[in-house]
Amino acid sequence: GDVRREFEHSGATKDANRSLVVAAAVGDNEEDAWSRVEALVEAGTDLFFLDTSDGVLPDSIHLVKRLKDTHEDIDVIAGRVHSIRQAKMLCDAGVDGVCVGGAGAATATALYKVASFVKTTYALPVMADCASADIGQAFKAMCLGASTVVVDPMLNGTEEAPGDHTYLDGVRLKLRHGPPGADCPRVLSSAGVIVNQGSAKHVVPRLVQGVVLGLRELGIRSLADIHGHIGDGSLRLERR
């Protein structure tokens, strides 16, 4: 019953009605973007993620302002951004959080600079979407200023993730889920499969434990303390 679920999932994020928080993604380039927003709000969505991967455009700013003016109690996270300028445009529009992402060596620098600016200027949280392949990379992103990290790559092989299963040399593999609308056939190759990791119920606690162990190794109590140590220079990260 409810009591058992509360005990087993005490860390679950819930709203004022003690229901699980539900987020939905929307793109500013969708023709029916606002109709989609209204339908999702009617269905009980608590948070929106606005995809700005193609850049922070006037349509992005307009959608954020309209959403916050119409539904001010619903949080909006927008991204991915790659510069302070993009982050400033979204923060000035009224977002409640910014997602920073990218690829390559410049990602760490962008994350650190954008996170420092957003937190100092607007006191808003920052999400890192840097294709973190393991908890070590995710933890480094947190050290650089992220309040939370997208862990899609670490959950792709779980039972709950979309995709079919197959076997190769006695190992259970999961076919990676392609992009929405992709009509190309899925090919069984080293690039298209990932080793099955079991249920997310077992993977997520291991990720959380990795963060706890990382903090313990640094001798720091919390992520909030890490950001302070990075800011004053008492904690430094080296590129290897």
# chains A, B, ... in the order shown; residues from 1 in each chain; ligands from 1
>>> residues_around(residues="Ser116 of chain A", least_positions_apart="4", cutoff="8 Å", atoms="only C-alpha atoms", output="list in words")
Tyr112, Thr120 and Gly145 of chain A
>>> select_by_dssp(residues="segment 26-200 of chain A", states="helix (DSSP H, G or I)", output="VMD selection string")
chain A and resid 33 to 43 58 to 70 84 to 93 106 to 122 135 to 143 152 to 155 200
>>> residues_around(residues="Ala110 of chain A", least_positions_apart="5", cutoff="8 Å", atoms="only C-alpha atoms", output="VMD selection string")
chain A and resid 82 to 83 100
>>> closest_residue(among="A:Lys68, A:Asp232, A:Trp34, A:Ile74", to="Val21 of chain A", atoms="only C-alpha atoms")
A:Ile74
>>> atom_distance(atom1="atom CA of Leu124 of chain A", atom2="atom CA of Ile77 of chain A")
10.2 Å
>>> residues_around(residues="segment 130-144 of chain A", least_positions_apart="3", cutoff="8 Å", atoms="only C-alpha atoms", output="PyMOL selection string")
chain A and resi 100-103+107-108+111-112+115+147-154+207+210-211+214+223+226-227+230
>>> residues_around(residues="segment 165-169 of chain A", least_positions_apart="3", cutoff="9 Å", atoms="only C-alpha atoms", output="MDAnalysis selection string")
chainID A and resid 172:175 193 196
>>> write_last_selection(atoms="all heavy atoms", output="compact mmCIF listing (two decimals), in the first residue's frame")
# COMPACT_ATOMS: atom_id res chain seq x y z
N ARG A 172 23.54 -11.04 -22.28
CA ARG A 172 22.29 -10.37 -22.61
C ARG A 172 22.57 -8.91 -22.91
O ARG A 172 23.15 -8.18 -22.11
CB ARG A 172 21.29 -10.48 -21.47
CG ARG A 172 19.89 -10.02 -21.90
CD ARG A 172 18.90 -10.10 -20.77
NE ARG A 172 17.55 -9.86 -21.27
CZ ARG A 172 16.51 -9.61 -20.50
NH1 ARG A 172 16.66 -9.60 -19.18
NH2 ARG A 172 15.32 -9.41 -21.01
N LEU A 173 22.16 -8.48 -24.10
CA LEU A 173 22.40 -7.11 -24.56
C LEU A 173 21.09 -6.39 -24.80
O LEU A 173 20.06 -7.01 -25.02
CB LEU A 173 23.22 -7.12 -25.85
CG LEU A 173 24.55 -7.88 -25.82
CD1 LEU A 173 25.15 -7.94 -27.21
CD2 LEU A 173 25.53 -7.21 -24.85
N LYS A 174 21.17 -5.07 -24.78
CA LYS A 174 19.99 -4.27 -25.05
C LYS A 174 20.25 -3.40 -26.26
O LYS A 174 21.29 -2.72 -26.35
CB LYS A 174 19.65 -3.39 -23.84
CG LYS A 174 18.35 -2.63 -24.01
CD LYS A 174 17.76 -2.27 -22.67
CE LYS A 174 16.33 -1.80 -22.83
NZ LYS A 174 15.65 -1.65 -21.55
N LEU A 175 19.33 -3.41 -27.22
CA LEU A 175 19.46 -2.56 -28.39
C LEU A 175 19.17 -1.13 -28.00
O LEU A 175 18.13 -0.84 -27.40
CB LEU A 175 18.48 -3.02 -29.48
CG LEU A 175 18.74 -4.42 -30.05
CD1 LEU A 175 17.61 -4.80 -30.99
CD2 LEU A 175 20.06 -4.46 -30.79
N VAL A 193 24.44 -1.67 -29.42
CA VAL A 193 23.97 -2.44 -28.28
C VAL A 193 24.75 -2.05 -27.03
O VAL A 193 25.81 -1.44 -27.10
CB VAL A 193 24.13 -3.96 -28.52
CG1 VAL A 193 23.28 -4.42 -29.68
CG2 VAL A 193 25.60 -4.31 -28.76
N ASN A 196 23.18 -5.40 -20.82
CA ASN A 196 22.03 -5.23 -19.94
C ASN A 196 22.48 -5.04 -18.49
O ASN A 196 23.32 -5.78 -17.98
CB ASN A 196 21.11 -6.45 -20.04
CG ASN A 196 19.85 -6.29 -19.21
OD1 ASN A 196 19.83 -6.60 -18.04
ND2 ASN A 196 18.80 -5.80 -19.84
>>> select_by_dssp(residues="segment 59-162 of chain A", states="strand (DSSP E)", output="ChimeraX atom specification")
/A:75-81,97-101,126-129,148-149
>>> residues_around(residues="Thr158 of chain A", least_positions_apart="5", cutoff="7 Å", atoms="only C-alpha atoms", output="PyMOL selection string")
chain A and resi 196-200
>>> residues_around(residues="Val81 of chain A", least_positions_apart="4", cutoff="10 Å", atoms="only C-alpha atoms", output="PyMOL selection string")
chain A and resi 51-56+85-88+90+98-102+110-111+114+128-129
>>> atom_distance(atom1="atom CA of Val171 of chain A", atom2="atom CA of Ile194 of chain A")
10.2 Å
>>> closest_residue(among="A:Leu235, A:Leu40, A:Val126, A:Lys113", to="Gly79 of chain A", atoms="only C-alpha atoms")
A:Val126
>>> closest_residue(among="A:Cys91, A:Ile220, A:Lys201, A:Gln209", to="Ile61 of chain A", atoms="only C-alpha atoms")
A:Cys91
>>> atom_distance(atom1="atom CA of Val95 of chain A", atom2="atom CA of Val26 of chain A")
13.9 Å
